[in-house]
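Undergrad: After the structure tokens below, expect a handful of questions from me.
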Amino acid sequence: MADALAIQDLVSGYGARDVLRKISLVVPANGFVTVVGPNGHGKTTLLRTLSGLVKARSGRVVAAGEDVTGMAPSSVARHFAHVPQGDMLFMQMSVEENLVMGAWLEADRALVAERLEEIYRLLPKLAERRRQTASSLSGGERRMTGIGRGLMTGAKTLLIDEPSLGLAPIVIEQVYAVLAQLKALGRSILLVEENPARVEDLADEIHLLDNGALVWSGPPKELLARDELLKTYLGG
Amino acid sequence: MTRADRTQLLIGVAALAALIAVPFLTDSRYIVGQVLLGLFYAAIASQWNLLFGFAGVFSLAQMALFGFGGYVAAMLCFYLGMSIWAAMPLAAFAAAGFGLLLGLACLRLTGAYVALLTLAVAQAMYLLIVTDTECFMMIGTQCRQFTGGAVGFARFADLGTRELFGRDWLVANYALVVALFALVMAASWLIIRSPLGLAFQALRDNPGCAMARGVNRFQMQLYVFGFSAFLTGLAGAVYAAHFNAIGPGVLSLSTLLFVIAMVVVGGIGRLWGPLLGAVVLMGADEVLREFGEFRALGLGLIIAVSMVAMPNGLIGVLERLGALRARPKGEREAANG
Amino acid sequence: MDLIGSVVVAGLTTGALYALATLGLSLVWGALGMLNMAHGAMLTLGGYSAFVIVTRLGLPMPLGVLASCVTGAAAGAVIYLSVARPLLARAPETFETTIMIATFGVAVALENAILLVFGGQPFGQPVQIAGTLGAGGFTLPNQNLLIMVTAVLLMLAIAAFLKQTKGGRAIRAVAQNREAAELLGVPSGRVYLLALALSGGLAGICGLLVSSITQLSPTLGADPMLKAFIMCVVAGLGSIPGGIVASFGLALIESFVQYQFGARWGFPVLLGIVILVLIVRPSGLFGRNQVRRL
């Protein structure tokens with residue numbers, strides 16, 4: 001079985017500046033890979049480049065065996081469910097409309113209804129809120145809606161951008177519990193995060209991102225055991 | 001003085017020399033008259049360029065300000081019997097006041113809202129003048145509206161050039177308009193180069209950063225509205241004085257379009273763009289005149305096509321050509337340094 | 001009493017027309033952030049299309065209505081492909097102003113092209129119905145009733161389209177968050193094309209209706225467009241329900257002002273209202289206070 005995602009020497013950036021400098025990593029099928037790094041070192045840019053929102057300058061992105069480098073975001077969409085930073089919900093739409101938008105590429109209405117039921121089973125809170133407009137939701141509910149919308153795409157690989165951002169600790173726990181469930185359901189996940197401790201039990205592999213390059217890779221336990229790495233790259 | 005400054009100055013001196021040469025090269029009153037008209041347009045266009053191209057404020061009230069200056073000058077002379085020479089600066093100050101009010105109304109608006117508000121003000125002014133039928137005073141058996149109505153004002157000003165220069169009065173008026181144009185361009189240049197101008201450009205290019213660095217957007221926007229309104233109003237007053245007439249025609253949308261077209265074709269945000277645009281469009285107008293009815297159609301197409309095809313206008317195209325030729329030299333310099 | 005009645009009828013009729021023009025403008029502003037200065041020219045085009053089909057070619061009226069709609073939609077599509085798309089691709093950050101200038105040019109070109117083909121003399125719009133409804137001194141011309149009913153039906157149809165169909169949801173999604181929509185597979189370019197074509201089709205019908213109570217002339221669309229701008233600004237650009245409320249409200253005010261103080265004061269009073277609204281509430285009465293990310 002092909003890897004869910006394979007990145008080779010990926011370079012991208014804005015204006016005159018390269019933000020990502022030759023990044024290579026692999027997310028195996030049903031793997032959970034996390035890229036950890038401080039703010040402003042290219043985590044979000046990495047996911048945006050994978051989705052085609054930022055043009056790759058060189059390198060290759062292969063999704064489930066298909067080369068998707070340089071494709072428009074709307075064409076990459078069937079490979080990746082990208083849950084963007086800050087949710088980017090459709091604020092004037094109801095929760096259900098947001099979720100249904102997630103399945104935009106799916107023509108089969110019965111399948112869309114089925115997925116919707118699945119999401120409501122996985123995230124029962126959203127079923128309660130289905131008629132509410134997104135702008136009236138709490139931060140945690142918004143995050144869940146964002147994840148649910150990503151799942152509605154049906155894409156097997158999830159790209160998740162800092163799901164803990166701006167949430168209370170107890171809500172962060174709930175979000176990660178959902179991610180653990182998704183892994184158990186067979187999805188492949190590439191997650192970017194600031195704090196490696198959050199994925200200690202979840203991630204198969206962690207990559208440390210510093211100034212646009214991967215500087216260390218290994219299992220989370222090993223990273224957390226190495227104080228000097230944490231101090232140097234993540235400020236302790 | 002930087003190299004760019006020297007280039008701008010050189011162009012200015014060359015343009016001025018060419019303008020001074022015109023009456024010596026031709027006896028045709030028609031040609032002198034057309035160049036004179038073109039200078040008015042170039043002056044208005046340069047002020048719109050200052051507002052939009054440098055400060056990023058998309059106002060559609062440019063002709064309203066021009067007309068305001070012209071009307072104030074005309075009314076001061078007509079109703080109060082003031083000398084036109086005194087009325088002109090007063091009209092410019094009045095236009096600046098009007099511009100400041102407009103700027104105040106637009107303070108909290110951005111982009112499309114500024115365009116719509118200024119368009120609304122300009123249209124309201126135009127319609128109120130054109131539909132004015134109430135008699136303000138009787139002149140002979142003729143009814144005269146306070147705003148001049150659809151006809152406007154005529155024969156209110158005497159610049160004194162006919163008396164002084166006799167048959168050469170047109171050349172004397174021409175000299176006056178060249179002086180106006182030189183003043184307008186010099187003032188624009190000074191504003192653009194001043195700290196104020198740099199603040200304008202900073203606001204246009206990156207409002208967030210500029211404001212974080214302490215540039216006061218509201219104050220800047222008021223300044224630029226006031227400055228450009230003063231110069232535009234002055235041009236309007238001189239226009240009224242030269243033609244000894246002013247009417248609502250200058251306020252019409254098609255005149256505004258002509259001015260915008262000049263800036264777009266010449267180059268938005270380029271000091272000499274409006275002048276180049278005025279030359280090109282006055283020329284195109286002469287050619288299109290042969291095809292009479294195609295004139296407006298052609299103008300519309302010129303605007304749309306140049307907006308899409310040359311974002312920085314003809315000046316931008318020239319700059320690119322220049323850059324292509326200059327590149328080998330630039331690379332040499334880089335290699336040495 | 002019947003005088004007040006006819007003022008109300010006039011107000012509601014123009015309100016319906018303004019609402020249609022506003023709806024088309026708002027749709028495009030919402031989706032692309034584009035103020036289409038050629039919207040009025042698309043109205044004119046629609047009015048003349050029906051005239052050509054019915055008067056010049058002698059074809060039945062329904063075909064005339066269809067022609068208005070199709071020509072308008074085609075004009076919208078052409079404007080997107082030839083003007084909006086290249087400008088958007090080149091410099092999205094200056095699009096808001098460049099597109100206004102470019103469509104301004106398109107508007108003048110279109111208007112004068114129509115002038116060249118049909119001449120400046122006004123024509124009557126053949127697509128209309130005669131007769132009046134009346135009861136006790138109160139009369140309602142059938143054409144006015146037709147305009148109100150058509151406008152309401154069209155607005156309901158658009159609302160249903162935006163709410164219930166895939167294409168409609170895509171327009172709303174792109175309007176609310178373009179990047180998020182793209183991440184879900186929505187091709188934003190095609191959605192823009194759809195929005196402009198839809199707005200053009202609406203403009204075509206609106207132009208047909210406007211010309212049925214006035215006359216066909218090359219400047220037919222200019223006045224409704226200017227009014228629609230005003231409605232949009234008062235309501236807040238992109239707010240469709242707000243635009244419709246503003247259209248009917250301001251049209252009634254305009255009609256009363258014209259009746260009380262004379263026709264010449266109608267427009268200036270509207271402009272006065274706009275200026276006041278903008279100074280007090282810079283993003284309109286119903287507009288969301290947009291937090292701009294600088």
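In the structure tokens, chains take the letters A, B, ... in the order shown, each chain's residues start at 1, and ligands count up from 1 in the order shown.
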Which residues of chain B come within 7 Å of chain C, and for each one, what is the closest pair of atoms and their distance in Å to one decimal, counting only C-alpha atoms, sorted by chain and residue number, as JSON lines?

TA:
{"residue": "B:Ala105", "atom": "CA", "partner": "C:Ile279", "partner_atom": "CA", "distance": 5.8}
{"residue": "B:Arg108", "atom": "CA", "partner": "C:Pro282", "partner_atom": "CA", "distance": 6.2}
{"residue": "B:Leu109", "atom": "CA", "partner": "C:Pro282", "partner_atom": "CA", "distance": 5.8}
{"residue": "B:Gly111", "atom": "CA", "partner": "C:Glu96", "partner_atom": "CA", "distance": 6.7}
{"residue": "B:Ala112", "atom": "CA", "partner": "C:Glu96", "partner_atom": "CA", "distance": 6.9}
{"residue": "B:Leu117", "atom": "CA", "partner": "C:Ile275", "partner_atom": "CA", "distance": 6.6}
{"residue": "B:Ala120", "atom": "CA", "partner": "C:Leu271", "partner_atom": "CA", "distance": 6.0}
{"residue": "B:Ala124", "atom": "CA", "partner": "C:Pro268", "partner_atom": "CA", "distance": 5.4}
{"residue": "B:Thr131", "atom": "CA", "partner": "C:Arg264", "partner_atom": "CA", "distance": 6.6}
{"residue": "B:Pro207", "atom": "CA", "partner": "C:Leu294", "partner_atom": "CA", "distance": 6.8}
{"residue": "B:Gly208", "atom": "CA", "partner": "C:Leu294", "partner_atom": "CA", "distance": 5.1}
{"residue": "B:Ala296", "atom": "CA", "partner": "C:Asn112", "partner_atom": "CA", "distance": 6.4}
{"residue": "B:Leu297", "atom": "CA", "partner": "C:Ala109", "partner_atom": "CA", "distance": 4.2}
{"residue": "B:Gly298", "atom": "CA", "partner": "C:Ala109", "partner_atom": "CA", "distance": 6.9}
{"residue": "B:Gly300", "atom": "CA", "partner": "C:Gly105", "partner_atom": "CA", "distance": 4.0}
{"residue": "B:Leu301", "atom": "CA", "partner": "C:Ala109", "partner_atom": "CA", "distance": 5.8}
{"residue": "B:Ile303", "atom": "CA", "partner": "C:Gly105", "partner_atom": "CA", "distance": 5.1}
{"residue": "B:Ala304", "atom": "CA", "partner": "C:Ala102", "partner_atom": "CA", "distance": 4.3}
{"residue": "B:Met307", "atom": "CA", "partner": "C:Ala102", "partner_atom": "CA", "distance": 5.9}
{"residue": "B:Val308", "atom": "CA", "partner": "C:Leu87", "partner_atom": "CA", "distance": 6.2}

Undergrad: Env of Val151 in chain B: 9 Å cut, atoms = only C-alpha atoms, seq-sep filter 4 positions within chain, self excluded. Answer as a list of chain:residue names.

TA: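 Near neighbours after the sequence-gap exclusion: B:Val130, B:Ile246, B:Gly247, B:Pro248.
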
Undergrad: Please identify all residues of chain C having at least one atom at most 10 Å from any atom of chain A, considering only C-alpha atoms, and return them as a PyMOL selection string.

TA: chain C and resi 163-164+166-167+169-170+172-188
